[in-house]
file work-v5.cif (mmCIF, C-alpha atoms and all ligand atoms)
data_protein
loop_
_atom_site.label_atom_id
_atom_site.label_comp_id
_atom_site.auth_asym_id
_atom_site.auth_seq_id
_atom_site.Cartn_x
_atom_site.Cartn_y
_atom_site.Cartn_z
CA VAL A 564 -19.10 1.99 4.92
CA HIS A 565 -20.96 1.46 1.66
CA SER A 566 -21.94 3.85 -1.07
CA SER A 567 -25.57 4.23 -1.99
CA SER A 568 -26.88 5.82 -5.17
CA GLY A 569 -23.40 6.22 -6.53
CA ARG A 570 -22.07 8.54 -3.84
CA LEU A 571 -20.31 7.70 -0.59
CA GLU A 572 -20.13 10.58 1.86
CA ILE A 573 -17.90 10.07 4.82
CA ARG A 574 -16.61 12.27 7.59
CA LEU A 575 -13.10 11.38 8.68
CA GLU A 576 -11.76 12.97 11.80
CA ALA A 577 -8.02 12.65 12.29
CA ALA A 578 -7.18 13.05 15.98
CA PRO A 579 -5.01 11.67 18.76
CA GLY A 580 -6.84 9.16 20.92
CA THR A 581 -6.69 6.04 23.00
CA VAL A 582 -7.24 2.92 20.95
CA GLN A 583 -6.94 -0.79 21.79
CA LEU A 584 -3.86 -1.94 19.91
CA ALA A 585 -2.21 -5.32 20.31
CA GLY A 586 -4.63 -5.96 23.19
CA ARG A 587 -3.87 -2.91 25.31
CA PRO A 588 -4.73 0.79 25.32
CA ALA A 589 -2.40 2.82 23.15
CA SER A 590 -2.13 6.59 22.79
CA CYS A 591 -1.85 7.01 19.06
CA LEU A 592 -3.46 8.74 16.10
CA ALA A 593 -6.72 7.54 14.63
CA TYR A 594 -9.38 8.21 12.01
CA ASN A 595 -12.78 8.30 13.72
CA GLY A 596 -11.23 6.81 16.84
CA ALA A 597 -10.19 3.55 15.20
CA VAL A 598 -6.98 1.95 13.91
CA PRO A 599 -7.29 1.11 11.09
CA GLY A 600 -9.91 3.70 10.12
CA PRO A 601 -13.22 2.67 8.52
CA THR A 602 -13.13 0.60 5.33
CA LEU A 603 -14.61 2.62 2.48
CA ARG A 604 -16.47 0.61 -0.16
CA VAL A 605 -17.21 2.08 -3.55
CA ARG A 606 -17.84 0.94 -7.10
CA ALA A 607 -16.55 2.12 -10.43
CA GLY A 608 -18.58 5.17 -11.42
CA ASP A 609 -19.13 6.31 -7.81
CA VAL A 610 -18.11 9.55 -6.17
CA LEU A 611 -16.24 9.28 -2.89
CA ALA A 612 -16.76 12.47 -0.87
CA VAL A 613 -14.59 12.78 2.22
CA HIS A 614 -15.01 15.54 4.76
CA LEU A 615 -11.62 15.53 6.47
CA LEU A 616 -11.54 17.13 9.89
CA ASN A 617 -8.08 17.80 11.23
CA ASN A 618 -7.86 17.64 15.02
CA LEU A 619 -4.26 16.43 15.07
CA GLY A 620 -2.77 19.70 16.24
CA GLU A 621 -0.53 19.80 13.13
CA GLN A 622 -1.02 19.93 9.38
CA THR A 623 -2.26 16.92 7.48
CA ASN A 624 -4.09 15.95 4.28
CA LEU A 625 -5.51 12.82 2.67
CA HIS A 626 -4.37 10.61 -0.17
CA VAL A 627 -6.30 7.74 -1.76
CA HIS A 628 -3.45 5.41 -2.59
CA GLY A 629 -3.76 3.57 -5.90
CA LEU A 630 -7.12 4.96 -6.98
CA HIS A 631 -7.11 6.12 -10.56
CA VAL A 632 -8.73 9.50 -9.91
CA SER A 633 -8.04 12.97 -11.23
CA PRO A 634 -5.22 14.86 -9.48
CA ARG A 635 -6.91 18.18 -10.16
CA ASP A 636 -8.76 20.56 -7.85
CA ASN A 637 -9.73 18.93 -4.58
CA GLY A 638 -8.98 15.47 -5.91
CA ASP A 639 -5.91 13.44 -5.21
CA ASN A 640 -2.75 15.37 -4.71
CA ALA A 641 0.01 15.68 -2.19
CA PHE A 642 0.10 19.47 -2.30
CA ILE A 643 -2.94 20.28 -0.19
CA SER A 644 -2.29 21.29 3.40
CA VAL A 645 -5.12 21.15 5.93
CA ALA A 646 -4.34 23.34 8.93
CA PRO A 647 -4.91 22.10 12.46
CA GLY A 648 -8.47 22.74 13.61
CA SER A 649 -9.78 23.07 10.07
CA SER A 650 -11.44 20.76 7.57
CA PHE A 651 -11.24 20.00 3.87
CA ASP A 652 -13.72 18.46 1.45
CA TYR A 653 -12.30 15.96 -0.97
CA GLU A 654 -14.30 14.66 -3.90
CA TYR A 655 -12.90 11.68 -5.75
CA ARG A 656 -14.69 10.59 -8.90
CA VAL A 657 -13.94 6.89 -9.43
CA PRO A 658 -14.20 6.47 -13.21
CA GLU A 659 -16.34 3.85 -14.96
CA GLY A 660 -14.23 0.79 -15.66
CA HIS A 661 -11.95 1.40 -12.66
CA PRO A 662 -10.25 -1.89 -11.71
CA PRO A 663 -11.85 -3.53 -8.68
CA GLY A 664 -9.60 -4.41 -5.79
CA VAL A 665 -8.17 -3.08 -2.57
CA TYR A 666 -6.69 0.39 -2.19
CA TRP A 667 -6.07 2.50 0.89
CA TYR A 668 -6.03 6.00 2.31
CA HIS A 669 -3.45 7.75 4.45
CA PRO A 670 -2.04 11.24 5.12
CA HIS A 671 0.49 12.59 2.64
CA HIS A 672 1.75 15.83 4.12
CA HIS A 673 5.40 16.21 3.13
CA GLY A 674 7.58 16.02 6.23
CA ARG A 675 4.85 14.45 8.37
CA ALA A 676 3.67 11.43 6.40
CA ALA A 677 5.84 8.81 8.16
CA SER A 678 4.91 9.92 11.69
CA GLN A 679 1.22 10.23 10.93
CA VAL A 680 0.97 6.84 9.23
CA PHE A 681 3.17 5.17 11.85
CA GLY A 682 0.99 6.77 14.52
CA GLY A 683 -2.12 4.99 13.22
CA LEU A 684 -3.65 6.96 10.33
CA TYR A 685 -4.61 4.55 7.55
CA GLY A 686 -7.62 2.65 6.30
CA ALA A 687 -8.79 0.45 3.44
CA ILE A 688 -10.72 1.35 0.31
CA VAL A 689 -12.38 -1.47 -1.61
CA VAL A 690 -13.54 -0.97 -5.18
CA GLU A 691 -16.10 -3.73 -5.37
CA ASP A 692 -16.70 -6.10 -8.23
CA ALA A 693 -20.07 -5.78 -9.90
CA ALA A 694 -20.30 -9.56 -10.36
CA PRO A 695 -20.87 -11.70 -7.27
CA ALA A 696 -17.63 -13.38 -6.28
CA GLU A 697 -17.38 -17.15 -6.04
CA VAL A 698 -16.04 -16.94 -2.51
CA THR A 699 -17.53 -17.69 0.89
CA ARG A 700 -16.35 -14.42 2.37
CA GLU A 701 -14.00 -11.52 1.95
CA ARG A 702 -11.60 -10.25 4.59
CA VAL A 703 -9.70 -7.01 4.53
CA LEU A 704 -6.43 -7.46 6.43
CA VAL A 705 -4.63 -4.21 7.11
CA VAL A 706 -1.10 -5.05 8.22
CA SER A 707 0.78 -2.31 10.05
CA ASP A 708 3.52 -1.97 12.61
CA ILE A 709 4.03 0.35 15.53
CA THR A 710 6.36 0.75 18.51
CA LEU A 711 4.74 1.54 21.85
CA ASP A 712 6.59 2.45 25.02
CA THR A 713 5.61 1.08 28.43
CA ALA A 714 3.08 3.89 28.89
CA GLY A 715 1.45 2.91 25.59
CA SER A 716 2.64 5.94 23.63
CA VAL A 717 4.08 5.77 20.14
CA SER A 718 7.86 5.86 20.35
CA PRO A 719 9.50 8.70 18.41
CA PRO A 720 11.97 7.71 15.70
CA SER A 721 15.71 7.92 16.20
CA MET A 722 17.90 9.61 13.60
CA MET A 723 18.80 6.13 12.35
CA ASP A 724 15.12 5.15 12.14
CA ARG A 725 14.47 8.12 9.93
CA MET A 726 17.28 7.28 7.54
CA ALA A 727 16.67 3.55 7.41
CA GLY A 728 12.92 4.04 7.64
CA ARG A 729 11.15 3.33 10.90
CA THR A 730 10.05 -0.23 11.67
CA GLY A 731 7.65 -1.01 14.51
CA THR A 732 8.26 -3.78 17.02
CA LEU A 733 4.58 -4.79 17.00
CA LEU A 734 3.23 -6.28 13.82
CA LEU A 735 -0.54 -5.85 13.70
CA VAL A 736 -3.40 -7.20 11.62
CA ASN A 737 -6.34 -4.81 11.82
CA GLY A 738 -4.85 -3.56 15.08
CA HIS A 739 -4.51 -7.05 16.61
CA LEU A 740 -1.48 -9.10 17.53
CA VAL A 741 -1.63 -12.61 16.01
CA PRO A 742 -5.41 -12.79 15.51
CA THR A 743 -7.13 -16.12 14.84
CA ILE A 744 -8.97 -16.45 11.56
CA GLU A 745 -11.68 -19.14 11.60
CA ALA A 746 -13.20 -20.97 8.67
CA ARG A 747 -14.84 -24.25 7.74
CA PRO A 748 -13.19 -26.82 5.49
CA GLY A 749 -13.58 -26.14 1.80
CA GLU A 750 -14.53 -22.52 2.25
CA ARG A 751 -12.90 -20.12 -0.12
CA GLU A 752 -11.89 -16.73 1.19
CA LEU A 753 -10.74 -13.64 -0.59
CA TRP A 754 -8.10 -11.91 1.51
CA ARG A 755 -7.34 -8.36 0.65
CA VAL A 756 -4.02 -7.68 2.36
CA ILE A 757 -2.63 -4.16 2.66
CA ASN A 758 0.94 -3.45 3.66
CA ALA A 759 0.35 -0.22 5.60
CA CYS A 760 3.77 -0.35 7.27
CA VAL A 761 5.94 2.73 6.84
CA THR A 762 9.05 0.69 6.03
CA ARG A 763 8.60 -3.00 6.64
CA TYR A 764 8.50 -5.39 3.71
CA LEU A 765 6.05 -8.24 4.15
CA ARG A 766 7.17 -11.53 2.77
CA LEU A 767 3.98 -13.41 3.44
CA GLY A 768 4.18 -17.15 3.73
CA PHE A 769 1.39 -19.60 4.41
CA GLU A 770 1.71 -22.92 6.10
CA GLY A 771 -0.88 -25.58 5.51
CA GLN A 772 -3.30 -23.62 3.33
CA SER A 773 -3.63 -23.51 -0.40
CA LEU A 774 -2.92 -20.03 -1.59
CA GLN A 775 -3.59 -18.39 -4.90
CA LEU A 776 -2.45 -14.92 -5.86
CA LEU A 777 -5.12 -13.05 -7.81
CA GLY A 778 -3.25 -9.81 -8.13
CA VAL A 779 -1.00 -7.19 -6.60
CA ASP A 780 -2.28 -3.61 -6.31
CA SER A 781 -4.79 -2.76 -9.01
CA GLY A 782 -3.58 -5.33 -11.51
CA PRO A 783 -5.47 -8.61 -11.44
CA LEU A 784 -3.68 -11.55 -13.00
CA ARG A 785 -5.58 -13.17 -15.83
CA GLU A 786 -6.02 -16.20 -13.63
CA GLY A 787 -5.10 -17.06 -10.06
CA LYS A 788 -1.63 -18.47 -9.60
CA GLU A 789 -0.59 -20.91 -6.86
CA VAL A 790 2.24 -19.27 -4.94
CA PRO A 791 4.35 -20.29 -1.94
CA GLU A 792 4.77 -16.69 -0.76
CA VAL A 793 4.04 -13.10 -1.69
CA LEU A 794 6.32 -10.10 -1.22
CA LEU A 795 4.56 -6.84 -0.43
CA ALA A 796 6.67 -3.70 -0.27
CA PRO A 797 5.31 -0.81 1.81
CA GLY A 798 2.14 0.41 0.11
CA ASN A 799 1.53 -2.78 -1.92
CA ARG A 800 -1.64 -4.80 -1.60
CA ALA A 801 -2.48 -8.34 -2.61
CA ASP A 802 -5.71 -10.12 -3.43
CA LEU A 803 -5.30 -13.67 -2.24
CA LEU A 804 -7.58 -16.63 -2.55
CA VAL A 805 -7.34 -19.03 0.37
CA THR A 806 -9.05 -22.40 0.25
CA ALA A 807 -9.51 -23.62 3.81
CA VAL A 808 -7.96 -26.98 4.68
CA SER A 809 -8.81 -28.63 8.05
CA GLY A 810 -6.45 -27.96 10.91
CA GLU A 811 -4.40 -25.13 12.28
CA SER A 812 -2.04 -23.17 10.14
CA MET A 813 -0.12 -19.93 10.24
CA VAL A 814 0.30 -16.83 8.19
CA LEU A 815 3.94 -15.81 8.46
CA ALA A 816 5.90 -12.66 7.89
CA LYS A 817 9.19 -14.17 6.76
CA PRO A 818 12.46 -12.29 7.04
CA TYR A 819 13.30 -10.10 4.09
CA ASP A 820 16.67 -8.50 3.45
CA ARG A 821 16.03 -5.01 2.14
CA GLY A 822 19.70 -4.24 2.22
CA PHE A 823 20.06 -2.33 5.42
CA ARG A 824 22.17 -3.30 8.42
CA GLY A 825 22.95 -6.60 6.78
CA GLY A 826 19.35 -7.63 6.65
CA ALA A 827 18.70 -7.43 10.37
CA MET A 828 15.36 -5.83 9.59
CA GLY A 829 13.17 -8.82 10.33
CA PRO A 830 10.36 -8.43 12.82
CA VAL A 831 11.35 -8.19 16.46
CA GLY A 832 9.27 -7.84 19.59
CA PRO A 833 6.40 -9.70 21.17
CA GLY A 834 5.07 -11.35 18.00
CA VAL A 835 5.66 -15.08 18.04
CA ARG A 836 9.25 -15.53 16.88
CA ARG A 837 10.06 -18.40 14.59
CA PRO A 838 13.44 -20.13 14.41
CA ASP A 839 14.04 -18.74 10.90
CA GLY A 840 13.54 -15.21 12.21
CA GLY A 841 10.02 -14.86 10.86
CA THR A 842 6.98 -13.73 12.82
CA VAL A 843 3.54 -15.27 13.00
CA LEU A 844 1.10 -12.72 11.65
CA ALA A 845 -2.11 -14.67 12.20
CA THR A 846 -3.35 -18.16 12.99
CA VAL A 847 -5.89 -19.88 10.78
CA ARG A 848 -8.18 -22.44 12.41
CA VAL A 849 -10.27 -24.55 10.08
CA ALA A 850 -12.75 -26.92 11.70
CA GLY A 851 -16.35 -28.06 11.63
CA ASP A 852 -18.63 -29.26 8.85
CA PRO A 853 -17.48 -28.54 5.36
CA GLY A 854 -18.79 -25.28 3.97
CA PRO A 855 -21.28 -25.37 1.06
CA ALA A 856 -19.84 -26.29 -2.34
CA LEU A 857 -18.63 -23.36 -4.39
CA LYS A 858 -18.82 -22.61 -8.05
CA PRO A 859 -15.54 -22.78 -9.92
CA LEU A 860 -13.78 -19.48 -10.36
CA THR A 861 -14.29 -17.62 -13.55
CA THR A 862 -11.20 -16.25 -15.21
CA ARG A 863 -10.86 -12.54 -14.72
CA SER A 864 -9.99 -10.24 -17.52
CA GLY A 865 -6.52 -8.80 -17.07
CA PRO A 866 -5.21 -5.38 -17.99
CA GLU A 867 -3.97 -4.66 -21.49
CA ASP A 868 -0.29 -5.46 -22.18
CA LEU A 869 1.52 -2.15 -22.64
CA ARG A 870 4.53 -3.94 -24.18
CA LEU A 871 2.52 -4.27 -27.38
CA LEU A 872 1.92 -0.54 -27.83
CA PRO A 873 4.17 2.17 -29.31
CA LEU A 874 6.23 4.26 -26.90
CA ALA A 875 6.21 8.06 -26.86
CA ALA A 876 9.15 8.58 -24.48
CA ARG A 877 11.83 6.85 -22.44
CA ARG A 878 13.12 8.26 -19.17
CA HIS A 879 15.62 7.34 -16.50
CA LEU A 880 15.13 8.01 -12.82
CA VAL A 881 17.99 7.49 -10.40
CA PHE A 882 17.49 7.04 -6.66
CA GLY A 883 20.31 8.31 -4.51
CA ALA A 884 21.23 9.00 -0.95
CA GLY A 885 23.73 11.71 -0.08
CA ALA A 886 26.16 10.36 2.53
CA MET A 887 23.91 7.39 3.35
CA GLY A 888 20.92 9.64 3.78
CA MET A 889 22.65 12.23 5.94
CA GLN A 890 22.12 14.71 3.12
CA GLY A 891 18.64 13.49 2.30
CA PHE A 892 17.26 11.02 -0.18
CA THR A 893 17.02 12.08 -3.78
CA ILE A 894 15.61 11.23 -7.18
CA ASP A 895 17.92 12.37 -9.99
CA GLY A 896 20.02 14.18 -7.41
CA LYS A 897 17.11 16.41 -6.35
CA ARG A 898 15.02 16.61 -3.24
CA PHE A 899 11.29 17.28 -3.38
CA ASN A 900 10.25 20.80 -4.24
CA PRO A 901 6.50 21.23 -4.71
CA ALA A 902 7.05 24.34 -6.82
CA ARG A 903 9.17 22.49 -9.37
CA THR A 904 7.84 20.13 -12.05
CA ASP A 905 10.32 17.33 -12.64
CA ILE A 906 8.63 15.40 -15.43
CA THR A 907 6.12 16.61 -17.98
CA ALA A 908 4.24 13.95 -19.93
CA ALA A 909 1.65 14.27 -22.67
CA LYS A 910 -1.87 13.07 -22.05
CA GLY A 911 -2.56 10.02 -24.19
CA SER A 912 1.10 8.97 -24.41
CA LEU A 913 2.84 5.79 -23.32
CA GLU A 914 6.18 6.13 -21.54
CA GLU A 915 8.86 3.74 -20.36
CA TRP A 916 10.73 4.62 -17.18
CA THR A 917 13.88 2.87 -16.05
CA LEU A 918 14.31 3.16 -12.30
CA PHE A 919 17.89 2.84 -11.09
CA ASN A 920 18.69 2.35 -7.43
CA ASN A 921 22.16 3.65 -6.60
CA THR A 922 21.87 3.01 -2.89
CA PRO A 923 22.58 -0.04 -0.71
CA MET A 924 18.93 -0.48 0.26
CA ASP A 925 15.67 -1.22 -1.54
CA HIS A 926 13.29 1.61 -2.41
CA PRO A 927 9.63 0.89 -3.15
CA PHE A 928 8.78 3.33 -5.97
CA HIS A 929 5.23 4.65 -6.06
CA LEU A 930 3.50 6.71 -8.72
CA HIS A 931 0.16 8.34 -8.01
CA VAL A 932 -2.87 8.13 -10.29
CA TRP A 933 -1.34 6.14 -13.19
CA PRO A 934 -0.46 2.45 -12.63
CA MET A 935 2.84 1.02 -13.84
CA GLN A 936 3.37 -2.20 -15.76
CA ILE A 937 6.65 -3.91 -14.82
CA VAL A 938 8.38 -4.95 -18.04
CA GLU A 939 11.95 -5.65 -16.92
CA GLU A 940 13.70 -6.40 -13.63
CA ASP A 941 17.50 -6.12 -13.53
CA GLY A 942 17.57 -6.51 -17.30
CA THR A 943 15.33 -9.58 -17.44
CA GLY A 944 11.98 -9.22 -19.15
CA THR A 945 8.84 -10.22 -17.26
CA ASP A 946 6.58 -12.88 -18.71
CA SER A 947 3.17 -12.02 -17.28
CA VAL A 948 1.36 -8.68 -17.26
CA ARG A 949 2.02 -7.20 -13.82
CA VAL A 950 0.51 -3.82 -13.11
CA GLN A 951 1.28 -2.21 -9.76
CA ASP A 952 1.31 1.20 -8.17
CA VAL A 953 4.27 0.39 -5.91
CA VAL A 954 7.24 -1.31 -7.57
CA ASN A 955 10.21 -2.39 -5.50
CA VAL A 956 13.59 -1.34 -6.88
CA PRO A 957 16.16 -3.53 -5.11
CA ALA A 958 19.42 -2.17 -3.71
CA GLY A 959 21.80 -1.60 -6.61
CA GLY A 960 19.21 -2.84 -9.09
CA SER A 961 16.94 -1.49 -11.78
CA VAL A 962 13.35 -1.94 -12.88
CA LYS A 963 11.75 -0.86 -16.13
CA VAL A 964 8.07 0.10 -16.10
CA ARG A 965 5.59 1.36 -18.66
CA VAL A 966 2.95 3.93 -17.85
CA ALA A 967 0.01 4.88 -20.05
CA PHE A 968 -1.11 8.46 -19.43
CA THR A 969 -4.47 7.61 -20.94
CA ASP A 970 -6.57 10.17 -19.17
CA PHE A 971 -6.50 13.02 -16.66
CA THR A 972 -4.25 16.02 -16.71
CA GLY A 973 -2.73 17.76 -13.74
CA ARG A 974 0.15 17.59 -11.28
CA SER A 975 0.86 14.70 -9.00
CA VAL A 976 3.84 12.96 -7.42
CA TYR A 977 6.02 9.86 -7.46
CA HIS A 978 8.09 8.87 -4.46
CA CYS A 979 9.70 6.21 -2.34
CA HIS A 980 7.02 4.56 -0.18
CA ILE A 981 9.38 4.20 2.74
CA LEU A 982 7.63 7.27 4.06
CA ASP A 983 10.66 8.47 6.01
CA HIS A 984 12.51 8.67 2.68
CA GLU A 985 9.61 10.53 1.11
CA ASP A 986 9.66 12.99 4.03
CA LEU A 987 13.42 13.40 3.57
CA GLY A 988 12.97 14.42 -0.06
CA MET A 989 12.71 11.29 -2.19
CA MET A 990 9.74 12.56 -4.17
CA GLY A 991 9.28 14.25 -7.52
CA VAL A 992 6.50 16.08 -9.33
CA LEU A 993 4.90 14.84 -12.54
CA GLU A 994 2.65 16.97 -14.68
CA VAL A 995 0.48 15.47 -17.40
CA ARG A 996 -0.91 17.92 -19.95
CU1 LIG A 1001 0.64 5.62 -0.37
CU2 LIG A 1001 2.01 8.87 -2.32
O1 LIG A 1001 1.34 7.28 -1.26
CU CU A 1002 -0.32 6.81 -3.39
CU CU A 1003 13.43 4.70 -0.01
#

call {"tool": "encode", "arguments": {"input": "work-v5.cif", "output": "structure tokens", "more": "lines below"}}
Ligand code: C2O
Ligand code: CU
Ligand code: CU
result
Amino acid sequence: VHSSSGRLEIRLEAAPGTVQLAGRPASCLAYNGAVPGPTLRVRAGDVLAVHLLNNLGEQTNLHVHGLHVSPRDNGDNAFISVAPGSSFDYEYRVPEGHPPGVYWYHPHHHGRAASQVFGGLYGAIVVEDAAPAEVTRERVLVVSDITLDTAGSVSPPSMMDRMAGRTGTLLLVNGHLVPTIEARPGERELWRVINACVTRYLRLGFEGQSLQLLGVDSGPLREGKEVPEVLLAPGNRADLLVTAVSGESMVLAKPYDRGFRGGAMGPVGPGVRRPDGGTVLATVRVAGDPGPALKPLTTRSGPEDLRLLPLAARRHLVFGAGAMGMQGFTIDGKRFNPARTDITAAKGSLEEWTLFNNTPMDHPFHLHVWPMQIVEEDGTGTDSVRVQDVVNVPAGGSVKVRVAFTDFTGRSVYHCHILDHEDLGMMGVLEVR
């Protein structure tokens, strides 16, 4: 869905329904009857107006993940509750100069986020580039996972699933199991990959294709970088440039040890298993006449390096789990309380946050509204400018980020993007004023 005249109006109905998933009918949750929901395309300067209709039979709300929009009023915040049978009008004003790239939307109702996202409620948002891209085509690949029982219903989580974070047995790309992507030799594709899984880390590997990473989340690299693989924590997105080489190749989800149950968290189920424990996510078939010649890529302008600017404050945040999660997941020993403000920052200031993970599993840390620049990982400084809205903090490790509270005031949240952890309390409230 495209915006016209600077305003995109969309009606999103969240409701249970029967949707084709992994090639068979599934009883799940859907936006407008589809999983993923419609892709929303806007440009910097546009207004995105969403009429959310809640026919789920329980409370929900909507969050535009990664968009730099005001948390005030009916904008982006996690505090709104839309009652079953009612609707809510969101209006997101995407500021001029907003970084182009891929973002996404999903419910964010505390206590229900994991089940609603796992059930099928998510969709892509693309903030388009004004300049025409030097690519043959763009693809939005929403990667998600789900577990369906024999009747095609979404399996409820066990107690263990909730503590470890639920992982689906089916790994889907736009709702399909191992789809085939077709291209002609020499074509250049921009893949916008979203990790919409509740818990699963995607360690994406490519066999036989040349792959360049343009950026993760909203932070484009100054120039594309050839990479053998890309790690996307839950909530992360990547802009990838794929130059098609003749033949068949595979996009893989390689095993990733996120520190739980000795790393036995790799994909299982009817995806195509690989000897190394990975799963084939998609097949790429490149054949036919070569595509038309393409212009060379122009270098993109990257975000400003926050390491060069003076700091206003330093903070420490510690992630914990009482009795391995039995007593909830915490940040600084506290569980989420929407009435409490945990951090107050001054508008216009630059802060440095050190995120400590005192648990035996990784936690992908997400901050709403304001992107984070990673400046140090386990005590080692980063060399390039990496700006993300989800930053993985490895088990027992630490990550230092810088955040510029350049604009907007209001209350918003930061949390673990393993949504089961967020639902169990691993979320705090930030107020900028
Ligand atoms: Cu993708 Cu606060 O969430
Ligand atoms: Cu978010
Ligand atoms: Cu977590």

call {"tool": "residues_near_ligand", "arguments": {"input": "work-v5.cif", "ligand": "ligand LIG 1001 (chain A)", "cutoff": "7 Å", "atoms": "all atoms listed in the file", "output": "list of chain:residue names"}}
result
A:His626, A:His628, A:His669, A:His671, A:Gly798, A:His929, A:Leu930, A:His931, A:Val976, A:Tyr977, A:His978, A:His980

call {"tool": "residues_near_ligand", "arguments": {"input": "work-v5.cif", "ligand": "ligand CU 1003 (chain A)", "cutoff": "6 Å", "atoms": "all atoms listed in the file", "output": "number ranges by chain"}}
result
A: 926, 979, 981, 984

call {"tool": "residues_around", "arguments": {"input": "work-v5.cif", "residues": "Arg656 (chain A)", "least_positions_apart": "5", "cutoff": "8 Å", "atoms": "only C-alpha atoms", "output": "list in words"}}
result
Gly608, Asp609, Val610, Leu611, Val632 and Ser633 of chain A

call {"tool": "residues_near_ligand", "arguments": {"input": "work-v5.cif", "ligand": "ligand CU 1002 (chain A)", "cutoff": "12 Å", "atoms": "only C-alpha atoms and all ligand atoms", "output": "count of residues only"}}
result
50

call {"tool": "atom_distance", "arguments": {"input": "work-v5.cif", "atom1": "CA of Val698 (chain A)", "atom2": "CA of Lys817 (chain A)"}}
result
27.0 Å

call {"tool": "residues_around", "arguments": {"input": "work-v5.cif", "residues": "region 992-996 of chain A", "least_positions_apart": "4", "cutoff": "7 Å", "atoms": "all atoms listed in the file", "output": "number ranges by chain"}}
result
A: 901, 903-910, 972-977

call {"tool": "residues_around", "arguments": {"input": "work-v5.cif", "residues": "Ser650 (chain A)", "least_positions_apart": "6", "cutoff": "7 Å", "atoms": "only C-alpha atoms", "output": "ChimeraX atom specification"}}
result
/A:614-617

call {"tool": "residues_around", "arguments": {"input": "work-v5.cif", "residues": "Ala714 (chain A)", "least_positions_apart": "5", "cutoff": "10 Å", "atoms": "only C-alpha atoms", "output": "VMD selection string"}}
result
chain A and resid 588 to 590

call {"tool": "closest_residue", "arguments": {"input": "work-v5.cif", "among": "A:Leu571, A:Ile709, A:Leu777, A:Ser649", "to": "Leu592 (chain A)", "atoms": "all atoms listed in the file"}}
result
A:Ile709

call {"tool": "atom_distance", "arguments": {"input": "work-v5.cif", "atom1": "CA of Phe681 (chain A)", "atom2": "CA of Asp986 (chain A)"}}
result
12.8 Å

call {"tool": "residues_around", "arguments": {"input": "work-v5.cif", "residues": "Thr743 (chain A)", "least_positions_apart": "4", "cutoff": "12 Å", "atoms": "all atoms listed in the file", "output": "short mmCIF file (atom, residue, chain, number, x, y, z; two decimals) with C-alpha atoms, in the frame of the given file"}}
result
data_model
loop_
_atom_site.label_atom_id
_atom_site.label_comp_id
_atom_site.auth_asym_id
_atom_site.auth_seq_id
_atom_site.Cartn_x
_atom_site.Cartn_y
_atom_site.Cartn_z
CA VAL A 736 -3.40 -7.20 11.62
CA ASN A 737 -6.34 -4.81 11.82
CA HIS A 739 -4.51 -7.05 16.61
CA GLU A 811 -4.40 -25.13 12.28
CA SER A 812 -2.04 -23.17 10.14
CA MET A 813 -0.12 -19.93 10.24
CA VAL A 814 0.30 -16.83 8.19
CA VAL A 843 3.54 -15.27 13.00
CA LEU A 844 1.10 -12.72 11.65
CA ALA A 845 -2.11 -14.67 12.20
CA THR A 846 -3.35 -18.16 12.99
CA VAL A 847 -5.89 -19.88 10.78
CA ARG A 848 -8.18 -22.44 12.41
CA VAL A 849 -10.27 -24.55 10.08
#

call {"tool": "closest_residue", "arguments": {"input": "work-v5.cif", "among": "A:Asn624, A:Gln772, A:Thr917, A:Ser678", "to": "Tyr653 (chain A)", "atoms": "all atoms listed in the file"}}
result
A:Asn624

call {"tool": "closest_residue", "arguments": {"input": "work-v5.cif", "among": "A:Leu704, A:Val962, A:Val564, A:Leu603", "to": "Phe882 (chain A)", "atoms": "all atoms listed in the file"}}
result
A:Val962
